[in-house]
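Novice: Below you'll find data33.txt; it's compact mmCIF, C-alpha atoms.
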# COMPACT_ATOMS: atom_id res chain seq x y z
CA MET K 117 11.14 23.80 8.73
CA ASN K 118 14.48 24.43 7.18
CA LEU K 119 13.61 23.65 3.55
CA PRO K 120 13.41 25.51 0.24
CA PRO K 121 9.82 26.72 -0.40
CA LEU K 122 9.06 24.24 -3.19
CA VAL K 123 10.30 21.29 -1.12
CA GLN K 124 8.48 22.54 1.97
CA THR K 125 5.19 22.75 0.04
CA PHE K 126 5.53 19.10 -1.03
CA VAL K 127 6.63 17.90 2.41
CA LEU K 128 3.74 19.68 4.16
CA HIS K 129 1.23 18.31 1.65
CA PHE K 130 2.58 14.78 2.02
CA GLY K 131 2.23 15.10 5.78
CA GLU K 132 -1.42 16.12 5.39
CA MET K 133 -2.05 13.29 2.94
CA GLY K 134 -0.28 10.84 5.23
CA SER K 135 -2.81 11.50 7.97
CA ARG K 136 -5.56 10.68 5.46
CA TRP K 137 -3.77 7.47 4.47
CA GLY K 138 -3.69 6.31 8.07
CA ILE K 139 -0.13 7.26 8.94
CA ASN K 140 1.13 9.94 11.28
CA ARG K 141 1.72 13.39 9.73
CA THR K 142 5.40 13.35 10.68
CA VAL K 143 5.90 9.95 9.03
CA GLY K 144 4.47 11.38 5.79
CA GLN K 145 6.76 14.41 6.05
CA ILE K 146 9.83 12.24 6.71
CA TYR K 147 9.03 10.10 3.70
CA ALA K 148 8.51 13.11 1.44
CA LEU K 149 11.82 14.62 2.60
CA LEU K 150 13.70 11.36 1.98
CA TYR K 151 12.01 10.92 -1.40
CA LEU K 152 13.10 14.37 -2.58
CA SER K 153 16.60 14.21 -1.10
CA LYS K 154 19.54 13.68 -3.48
CA GLU K 155 21.56 12.01 -0.73
CA PRO K 156 20.63 9.64 2.10
CA LEU K 157 19.84 11.49 5.33
CA ASN K 158 20.52 10.60 8.94
CA ALA K 159 18.10 11.25 11.80
CA GLU K 160 19.84 14.50 12.79
CA ASP K 161 19.53 15.82 9.22
CA ILE K 162 15.80 15.05 9.29
CA VAL K 163 15.32 16.70 12.70
CA GLU K 164 17.09 19.83 11.50
CA ARG K 165 15.19 20.07 8.21
CA LEU K 166 11.70 19.26 9.53
CA GLY K 167 12.00 20.91 12.93
CA VAL K 168 10.51 17.94 14.76
CA SER K 169 11.78 16.05 17.80
CA ARG K 170 14.42 13.32 17.57
CA SER K 171 12.02 10.81 19.12
CA ASN K 172 9.38 11.57 16.45
CA VAL K 173 11.97 11.05 13.73
CA SER K 174 13.16 7.76 15.28
CA MET K 175 9.62 6.43 15.56
CA GLY K 176 8.78 7.61 12.04
CA LEU K 177 11.85 5.93 10.55
CA LYS K 178 10.99 2.68 12.36
CA GLU K 179 7.49 2.79 10.91
CA LEU K 180 8.81 3.43 7.40
CA GLN K 181 11.26 0.55 7.81
CA ALA K 182 8.41 -1.73 8.94
CA TRP K 183 6.61 -0.80 5.70
CA ASN K 184 9.80 -1.54 3.68
CA LEU K 185 9.61 1.98 2.24
CA VAL K 186 13.09 3.20 3.22
CA ARG K 187 16.56 1.75 2.83
CA LEU K 188 19.08 1.82 5.66
CA GLN K 189 22.61 2.72 4.56
CA HIS K 190 25.97 3.34 6.20
CA LYS K 191 28.85 5.58 5.23
CA PRO K 192 32.51 4.71 5.79
CA SER K 193 33.87 5.94 9.13
CA ASP K 194 30.41 7.19 10.19
CA ARG K 195 28.47 5.16 12.76
CA ARG K 196 25.15 6.90 12.06
CA ASP K 197 22.35 5.28 10.09
CA TYR K 198 21.39 6.97 6.83
CA PHE K 199 18.05 6.54 5.10
CA SER K 200 16.84 6.86 1.54
CA THR K 201 13.91 5.75 -0.58
CA PRO K 202 14.15 3.49 -3.63
CA ASP K 203 14.94 5.42 -6.80
CA ASP K 204 12.23 3.68 -8.82
CA ILE K 205 8.77 5.18 -8.14
CA TRP K 206 7.16 1.99 -9.46
CA GLN K 207 9.04 -0.07 -6.88
CA ILE K 208 7.78 2.28 -4.17
CA VAL K 209 4.18 1.87 -5.36
CA ARG K 210 4.53 -1.92 -5.63
CA THR K 211 5.94 -2.09 -2.09
CA LEU K 212 3.21 0.17 -0.70
CA VAL K 213 0.44 -1.89 -2.31
CA GLU K 214 2.00 -5.17 -1.13
CA GLU K 215 2.34 -3.91 2.43
CA ARG K 216 -1.26 -2.64 2.50
CA LYS K 217 -2.44 -5.98 1.13
CA LYS K 218 -0.57 -7.82 3.91
CA ARG K 219 -2.02 -5.55 6.61
CA GLU K 220 -5.59 -5.12 5.34
CA ILE K 221 -6.68 -7.64 2.72
CA ASP K 222 -4.92 -10.82 3.91
CA PRO K 223 -6.33 -10.72 7.49
CA THR K 224 -9.81 -10.00 6.10
CA MET K 225 -9.52 -12.96 3.70
CA THR K 226 -8.44 -15.22 6.57
CA LEU K 227 -11.44 -14.16 8.66
CA LEU K 228 -13.85 -14.57 5.74
CA ARG K 229 -12.56 -18.08 4.98
CA GLU K 230 -12.96 -19.08 8.65
CA VAL K 231 -16.49 -17.66 8.92
CA LEU K 232 -17.59 -19.21 5.63
CA MET K 233 -16.49 -22.66 6.86
CA GLN K 234 -18.91 -22.45 9.79
CA GLU K 235 -22.44 -23.84 9.63
CA PRO K 236 -25.00 -21.01 9.89
CA ALA K 237 -27.35 -21.42 12.86
CA SER K 238 -30.17 -19.20 11.58
CA ALA K 239 -31.61 -17.48 8.53
CA GLU K 240 -29.91 -14.29 9.65
CA GLU K 241 -26.52 -16.03 9.72
CA ARG K 242 -27.19 -17.61 6.28
CA HIS K 243 -27.92 -14.15 4.91
CA ALA K 244 -24.78 -12.77 6.56
CA GLN K 245 -22.70 -15.62 5.13
CA ASP K 246 -24.10 -14.98 1.64
CA ARG K 247 -23.02 -11.35 1.90
CA MET K 248 -19.61 -12.36 3.26
CA ARG K 249 -19.23 -14.88 0.41
CA GLU K 250 -19.80 -12.04 -2.09
CA MET K 251 -17.09 -10.03 -0.38
CA HIS K 252 -14.76 -13.04 -0.25
CA ASP K 253 -15.27 -13.77 -3.95
CA LEU K 254 -14.59 -10.15 -4.88
CA PHE K 255 -11.44 -10.02 -2.74
CA GLU K 256 -10.33 -13.36 -4.21
CA LEU K 257 -10.78 -12.00 -7.73
CA LEU K 258 -8.92 -8.78 -6.86
CA THR K 259 -6.03 -10.56 -5.14
CA GLY K 260 -5.67 -12.90 -8.14
CA TRP K 261 -5.60 -9.88 -10.46
CA TYR K 262 -3.13 -8.16 -8.14
CA ALA K 263 -0.80 -11.19 -8.22
CA ASP K 264 -0.88 -11.13 -12.03
CA VAL K 265 -0.15 -7.40 -12.12
CA GLN K 266 2.73 -7.77 -9.62
CA ARG K 267 4.42 -10.17 -12.04
CA LEU K 268 4.33 -7.63 -14.88
CA ASP K 269 7.51 -5.73 -15.55
CA THR K 270 7.18 -1.98 -15.21
CA GLU K 271 7.05 -1.32 -18.96
CA ARG K 272 4.09 -3.70 -19.37
CA LEU K 273 2.36 -2.23 -16.32
CA VAL K 274 2.65 1.26 -17.80
CA GLN K 275 1.19 -0.05 -21.07
CA LEU K 276 -1.71 -1.59 -19.19
CA LEU K 277 -2.41 1.60 -17.27
CA THR K 278 -2.25 3.78 -20.38
CA LEU K 279 -4.85 1.62 -22.09
CA GLY K 280 -7.51 3.20 -19.89
CA SER K 281 -10.95 2.98 -21.47
CA LYS K 282 -9.50 1.16 -24.49
CA VAL K 283 -9.73 -1.99 -22.37
CA GLN K 284 -13.54 -1.80 -22.75
CA LYS K 285 -13.16 -1.86 -26.54
CA ILE K 286 -10.83 -4.85 -26.35
CA LEU K 287 -13.34 -6.70 -24.16
CA GLU K 288 -16.19 -5.86 -26.54
CA MET K 289 -14.16 -7.24 -29.46
CA LYS K 290 -13.35 -10.37 -27.47
CA ASP K 291 -17.07 -10.80 -26.71
CA ARG K 292 -17.85 -10.65 -30.41
CA LEU K 293 -15.23 -13.27 -31.18
CA PHE K 294 -15.76 -15.61 -28.23
CA VAL K 295 -18.89 -16.26 -26.21
CA VAL K 296 -17.85 -16.73 -22.60
CA PRO K 297 -20.11 -19.04 -20.53
CA GLY K 298 -21.82 -17.03 -17.78
CA SER K 299 -21.31 -13.68 -19.50
CA LYS K 300 -24.22 -11.27 -20.03
CA LYS K 301 -24.13 -11.98 -23.76
CA SER K 302 -24.27 -15.73 -23.14
CA ARG K 303 -27.21 -15.30 -20.73
CA ARG K 304 -29.06 -13.10 -23.26
CA ASP K 305 -28.50 -15.72 -25.96
CA ASP K 306 -29.73 -18.48 -23.62
CA ALA K 307 -32.85 -16.42 -22.81
CA LYS K 308 -33.57 -15.90 -26.52
CA GLU K 309 -33.35 -19.66 -27.17
CA LYS K 310 -35.97 -20.41 -24.49
Using the file provided, produce a representation of the structure as structure tokens.
Specialist:
Amino acid sequence: MNLPPLVQTFVLHFGEMGSRWGINRTVGQIYALLYLSKEPLNAEDIVERLGVSRSNVSMGLKELQAWNLVRLQHKPSDRRDYFSTPDDIWQIVRTLVEERKKREIDPTMTLLREVLMQEPASAEERHAQDRMREMHDLFELLTGWYADVQRLDTERLVQLLTLGSKVQKILEMKDRLFVVPGSKKSRRDDAKEK
């Protein structure tokens, strides 16, 4: 690698993490390099700095483009393609989460909906459907929450994330003010009345 030590440390780590996130090590390194770069880089720049083959760089850039994680740019009187990452880290995270949702959650939800529409043929299938319904309901709840969070502007999202455990206190206060049907408190009160 032809990188300053601090940059190389980050790039190598991102490559290792990339393989844990289900992407090729080189793709993770390319992304880290582009993320840290002040200027957009072309494929030759990336080859030179990472010391990997041109074909690996081309395939890695295609994968990052498919994930909508890099921007393609052109410079006047230069026919080469240049690549950069969005400047806003929050936009990068939002894009990454959206792309993972499209690739992992949405197909699973489609399958679950199809399977839950079928008539179970045995007790074993009824049990399996009950378990799948639990998973479907959880994913449905999470995707609804995700859609709400995606609509938040970044400032509000940061506020939400910094609340941390304070959310529990807010929910406890809400429970004292309003009894929600189906909540644990409501069920305890119903049990006491019987």
Novice: Looking at K:Leu279, K:Val186, K:Leu228, K:Met251, which one is nearest to Ile208 in chain K, with distances taken over only C-alpha atoms?
Specialist: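 Closest candidate: K:Val186.
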Novice: Using all atoms listed in the file for the distances, tell me which of K:Pro236, K:Trp183, K:Gln245, K:Ser174 is nearest to Lys218 in chain K.
Specialist: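 Distance minimum relative to Lys218 in chain K lands on K:Trp183.
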Novice: At a cut-off of 7 Å, using only C-alpha atoms, what residues contact range 194-202 of chain K? Leave out same-chain residues fewer than 6 positions from it and give the result as number ranges by chain.
Specialist: K: 150-151, 156-158, 185-188, 208
Novice: Could you jot down the CA of Asp269 in chain K to CA of Leu177 in chain K separation for me, Å, one decimal place?
Specialist: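 CA of Leu177 in chain K lies 28.9 Å from CA of Asp269 in chain K.
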Novice: Have a look at CA of Ile139 in chain K and CA of Glu220 in chain K and let me know their distance in Å, one decimal.
Specialist: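 So the answer is 14.0 Å.
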Novice: CA of Asn184 in chain K and CA of Thr211 in chain K, how far apart in Å?
Specialist: 7.0 Å
Novice: Need to verify the contact set: Ile221 in chain K, 10 Å, all atoms listed in the file, exclusion of same-chain residues closer than 5 positions in sequence. Can you return it as a list in words?
Specialist: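 Here the answer would be Glu214, Glu215, Arg216, Thr226, Phe255, Glu256, Leu258 and Thr259 of chain K.
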Novice: Which polymer residues have any atom within 9 Å of an atom of range 125-128 of chain K, counting only C-alpha atoms, with same-chain residues fewer than 3 positions away left out, as a list in words?
Specialist: Pro120, Pro121, Leu122, Gly131, Glu132, Met133, Arg141, Gly144, Gln145, Ile146, Tyr147, Ala148, Leu149, Leu152 and Leu166 of chain K
